[in-house]
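Below is target-v1.cif, which holds mmCIF, C-alpha atoms.
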data_work
#
loop_
_atom_site.label_atom_id
_atom_site.label_comp_id
_atom_site.auth_asym_id
_atom_site.auth_seq_id
_atom_site.Cartn_x
_atom_site.Cartn_y
_atom_site.Cartn_z
CA MET A 10 0.00 0.00 0.00
CA SER A 11 1.39 3.37 -0.92
CA VAL A 12 1.86 6.29 1.41
CA VAL A 13 -0.74 8.27 -0.52
CA THR A 14 -3.30 5.50 -0.01
CA SER A 15 -2.51 5.29 3.69
CA VAL A 16 -2.85 9.03 4.10
CA ALA A 17 -6.13 9.04 2.16
CA ARG A 18 -7.53 6.23 4.30
CA GLN A 19 -6.51 8.02 7.47
CA ALA A 20 -8.14 11.22 6.22
CA ILE A 21 -11.37 9.33 5.58
CA ARG A 22 -11.21 7.73 9.04
CA ASP A 23 -10.60 11.14 10.62
CA LYS A 24 -13.53 12.63 8.70
CA PHE A 25 -15.85 9.83 9.83
CA ALA A 26 -14.63 10.15 13.42
CA ALA A 27 -15.33 13.89 13.35
CA GLU A 28 -18.81 13.33 11.91
CA ILE A 29 -19.56 10.70 14.56
CA LYS A 30 -18.48 13.08 17.32
CA THR A 31 -20.68 15.82 15.84
CA VAL A 32 -23.69 13.51 15.73
CA GLU A 33 -23.01 12.33 19.30
CA ALA A 34 -22.88 15.94 20.47
CA LYS A 35 -26.17 16.72 18.71
CA LEU A 36 -27.77 13.65 20.32
CA GLU A 37 -26.57 14.76 23.76
CA THR A 38 -28.05 18.21 23.12
CA LEU A 39 -31.37 16.71 22.06
CA LYS A 40 -31.34 14.44 25.10
CA ALA A 41 -30.75 17.40 27.41
CA GLU A 42 -33.53 19.38 25.71
CA ALA A 43 -35.91 16.43 26.06
CA GLU A 44 -35.05 16.02 29.74
CA THR A 45 -35.64 19.74 30.30
CA ALA A 46 -38.98 19.57 28.51
CA LYS A 47 -39.93 16.51 30.55
CA ALA A 48 -39.00 18.28 33.78
CA ASP A 49 -41.00 21.34 32.73
CA MET A 50 -44.04 19.15 32.01
CA GLU A 51 -43.66 17.40 35.37
CA ILE A 52 -43.44 20.72 37.21
CA LYS A 53 -46.54 21.95 35.38
CA ALA A 54 -48.42 18.75 36.24
CA ILE A 55 -47.42 19.01 39.91
CA THR A 56 -48.49 22.65 40.03
CA GLU A 57 -51.85 21.79 38.51
CA LEU A 58 -52.34 18.90 40.94
CA LEU A 59 -51.49 21.11 43.91
CA ALA A 60 -53.99 23.71 42.74
CA LYS A 61 -56.62 21.00 42.34
CA GLN A 62 -55.78 19.68 45.81
CA ARG A 63 -56.23 23.15 47.34
CA GLU A 64 -59.54 23.49 45.51
CA ILE A 65 -60.77 20.16 46.85
CA LEU A 66 -59.61 20.94 50.38
CA HIS A 67 -61.33 24.31 50.17
CA LYS A 68 -64.57 22.60 49.18
CA LEU A 69 -64.25 20.00 51.94
CA LEU A 70 -63.10 22.23 54.78
CA GLY A 71 -64.58 25.54 53.74
CA PRO A 72 -62.69 28.81 53.78
CA ARG A 73 -60.03 29.12 56.45
CA LYS A 74 -60.17 31.98 58.90
#

Encoding of this model in structure tokens:
Amino acid sequence: MSVVTSVARQAIRDKFAAEIKTVEAKLETLKAEAETAKADMEIKAITELLAKQREILHKLLGPRK
């Protein structure tokens, strides 16, 4: 195998490695965004449930003095 062929193959390997790292970074970013969105949805659901709980308690116990 010639030096030129070896260099060309290494260049291709390096290019693929760089592309793989770029894709991995994008996947990590998407994963972080999804986790943030999930956390936001969970916080919203908890807030809504707490409001509903207060409403139910208010109906059961009447207004507090």

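CA of Lys68 (chain A) is positioned 27.0 Å from CA of Met50 (chain A).
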
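Rounded to one decimal, CA of Val16 (chain A) and CA of Lys35 (chain A) lie 28.6 Å from each other.
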
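The space separating CA of Glu57 (chain A) from CA of Ala43 (chain A) comes to 20.9 Å.
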
Selected region 17-45 of chain A, written as a PDB file, in the first residue's frame, N, CA and C atoms:
ATOM      1  N   ALA A  17      -4.731   8.857   2.582  1.00  0.00           N
ATOM      2  CA  ALA A  17      -6.130   9.043   2.160  1.00  0.00           C
ATOM      3  C   ALA A  17      -7.068   8.266   3.082  1.00  0.00           C
ATOM      4  N   ARG A  18      -6.690   7.034   3.397  1.00  0.00           N
ATOM      5  CA  ARG A  18      -7.532   6.234   4.296  1.00  0.00           C
ATOM      6  C   ARG A  18      -7.614   6.873   5.681  1.00  0.00           C
ATOM      7  N   GLN A  19      -6.509   7.380   6.157  1.00  0.00           N
ATOM      8  CA  GLN A  19      -6.513   8.021   7.475  1.00  0.00           C
ATOM      9  C   GLN A  19      -7.369   9.286   7.447  1.00  0.00           C
ATOM     10  N   ALA A  20      -7.315  10.020   6.349  1.00  0.00           N
ATOM     11  CA  ALA A  20      -8.136  11.224   6.220  1.00  0.00           C
ATOM     12  C   ALA A  20      -9.616  10.864   6.253  1.00  0.00           C
ATOM     13  N   ILE A  21      -9.966   9.771   5.576  1.00  0.00           N
ATOM     14  CA  ILE A  21     -11.367   9.331   5.581  1.00  0.00           C
ATOM     15  C   ILE A  21     -11.782   8.902   6.980  1.00  0.00           C
ATOM     16  N   ARG A  22     -10.909   8.149   7.656  1.00  0.00           N
ATOM     17  CA  ARG A  22     -11.210   7.731   9.042  1.00  0.00           C
ATOM     18  C   ARG A  22     -11.401   8.945   9.949  1.00  0.00           C
ATOM     19  N   ASP A  23     -10.510   9.924   9.803  1.00  0.00           N
ATOM     20  CA  ASP A  23     -10.602  11.139  10.624  1.00  0.00           C
ATOM     21  C   ASP A  23     -11.902  11.891  10.344  1.00  0.00           C
ATOM     22  N   LYS A  24     -12.286  11.949   9.071  1.00  0.00           N
ATOM     23  CA  LYS A  24     -13.531  12.634   8.704  1.00  0.00           C
ATOM     24  C   LYS A  24     -14.729  11.923   9.327  1.00  0.00           C
ATOM     25  N   PHE A  25     -14.754  10.587   9.225  1.00  0.00           N
ATOM     26  CA  PHE A  25     -15.854   9.829   9.831  1.00  0.00           C
ATOM     27  C   PHE A  25     -15.871   9.997  11.345  1.00  0.00           C
ATOM     28  N   ALA A  26     -14.706   9.980  11.961  1.00  0.00           N
ATOM     29  CA  ALA A  26     -14.635  10.147  13.417  1.00  0.00           C
ATOM     30  C   ALA A  26     -15.179  11.516  13.824  1.00  0.00           C
ATOM     31  N   ALA A  27     -14.840  12.541  13.063  1.00  0.00           N
ATOM     32  CA  ALA A  27     -15.331  13.888  13.353  1.00  0.00           C
ATOM     33  C   ALA A  27     -16.850  13.960  13.185  1.00  0.00           C
ATOM     34  N   GLU A  28     -17.366  13.331  12.145  1.00  0.00           N
ATOM     35  CA  GLU A  28     -18.812  13.334  11.910  1.00  0.00           C
ATOM     36  C   GLU A  28     -19.536  12.579  13.025  1.00  0.00           C
ATOM     37  N   ILE A  29     -18.953  11.469  13.468  1.00  0.00           N
ATOM     38  CA  ILE A  29     -19.563  10.697  14.557  1.00  0.00           C
ATOM     39  C   ILE A  29     -19.594  11.534  15.832  1.00  0.00           C
ATOM     40  N   LYS A  30     -18.511  12.232  16.118  1.00  0.00           N
ATOM     41  CA  LYS A  30     -18.479  13.077  17.319  1.00  0.00           C
ATOM     42  C   LYS A  30     -19.508  14.198  17.225  1.00  0.00           C
ATOM     43  N   THR A  31     -19.685  14.763  16.032  1.00  0.00           N
ATOM     44  CA  THR A  31     -20.679  15.818  15.838  1.00  0.00           C
ATOM     45  C   THR A  31     -22.082  15.284  16.084  1.00  0.00           C
ATOM     46  N   VAL A  32     -22.368  14.121  15.545  1.00  0.00           N
ATOM     47  CA  VAL A  32     -23.689  13.512  15.735  1.00  0.00           C
ATOM     48  C   VAL A  32     -23.912  13.176  17.208  1.00  0.00           C
ATOM     49  N   GLU A  33     -22.892  12.646  17.868  1.00  0.00           N
ATOM     50  CA  GLU A  33     -23.015  12.332  19.296  1.00  0.00           C
ATOM     51  C   GLU A  33     -23.305  13.591  20.105  1.00  0.00           C
ATOM     52  N   ALA A  34     -22.637  14.682  19.770  1.00  0.00           N
ATOM     53  CA  ALA A  34     -22.878  15.944  20.473  1.00  0.00           C
ATOM     54  C   ALA A  34     -24.305  16.432  20.242  1.00  0.00           C
ATOM     55  N   LYS A  35     -24.794  16.314  19.014  1.00  0.00           N
ATOM     56  CA  LYS A  35     -26.175  16.718  18.712  1.00  0.00           C
ATOM     57  C   LYS A  35     -27.169  15.852  19.487  1.00  0.00           C
ATOM     58  N   LEU A  36     -26.887  14.546  19.566  1.00  0.00           N
ATOM     59  CA  LEU A  36     -27.768  13.651  20.324  1.00  0.00           C
ATOM     60  C   LEU A  36     -27.783  14.018  21.801  1.00  0.00           C
ATOM     61  N   GLU A  37     -26.633  14.345  22.355  1.00  0.00           N
ATOM     62  CA  GLU A  37     -26.573  14.761  23.758  1.00  0.00           C
ATOM     63  C   GLU A  37     -27.369  16.049  23.984  1.00  0.00           C
ATOM     64  N   THR A  38     -27.281  16.969  23.026  1.00  0.00           N
ATOM     65  CA  THR A  38     -28.045  18.212  23.122  1.00  0.00           C
ATOM     66  C   THR A  38     -29.538  17.925  23.077  1.00  0.00           C
ATOM     67  N   LEU A  39     -29.948  17.076  22.155  1.00  0.00           N
ATOM     68  CA  LEU A  39     -31.368  16.709  22.059  1.00  0.00           C
ATOM     69  C   LEU A  39     -31.835  16.002  23.324  1.00  0.00           C
ATOM     70  N   LYS A  40     -30.997  15.145  23.866  1.00  0.00           N
ATOM     71  CA  LYS A  40     -31.340  14.440  25.095  1.00  0.00           C
ATOM     72  C   LYS A  40     -31.533  15.438  26.242  1.00  0.00           C
ATOM     73  N   ALA A  41     -30.636  16.391  26.351  1.00  0.00           N
ATOM     74  CA  ALA A  41     -30.748  17.403  27.406  1.00  0.00           C
ATOM     75  C   ALA A  41     -32.010  18.240  27.217  1.00  0.00           C
ATOM     76  N   GLU A  42     -32.318  18.606  25.981  1.00  0.00           N
ATOM     77  CA  GLU A  42     -33.529  19.377  25.708  1.00  0.00           C
ATOM     78  C   GLU A  42     -34.776  18.570  26.061  1.00  0.00           C
ATOM     79  N   ALA A  43     -34.765  17.287  25.742  1.00  0.00           N
ATOM     80  CA  ALA A  43     -35.911  16.427  26.057  1.00  0.00           C
ATOM     81  C   ALA A  43     -36.083  16.285  27.568  1.00  0.00           C
ATOM     82  N   GLU A  44     -34.968  16.138  28.282  1.00  0.00           N
ATOM     83  CA  GLU A  44     -35.051  16.023  29.740  1.00  0.00           C
ATOM     84  C   GLU A  44     -35.574  17.319  30.359  1.00  0.00           C
ATOM     85  N   THR A  45     -35.152  18.450  29.809  1.00  0.00           N
ATOM     86  CA  THR A  45     -35.636  19.742  30.299  1.00  0.00           C
ATOM     87  C   THR A  45     -37.129  19.875  30.040  1.00  0.00           C
TER      88      THR A  45
END
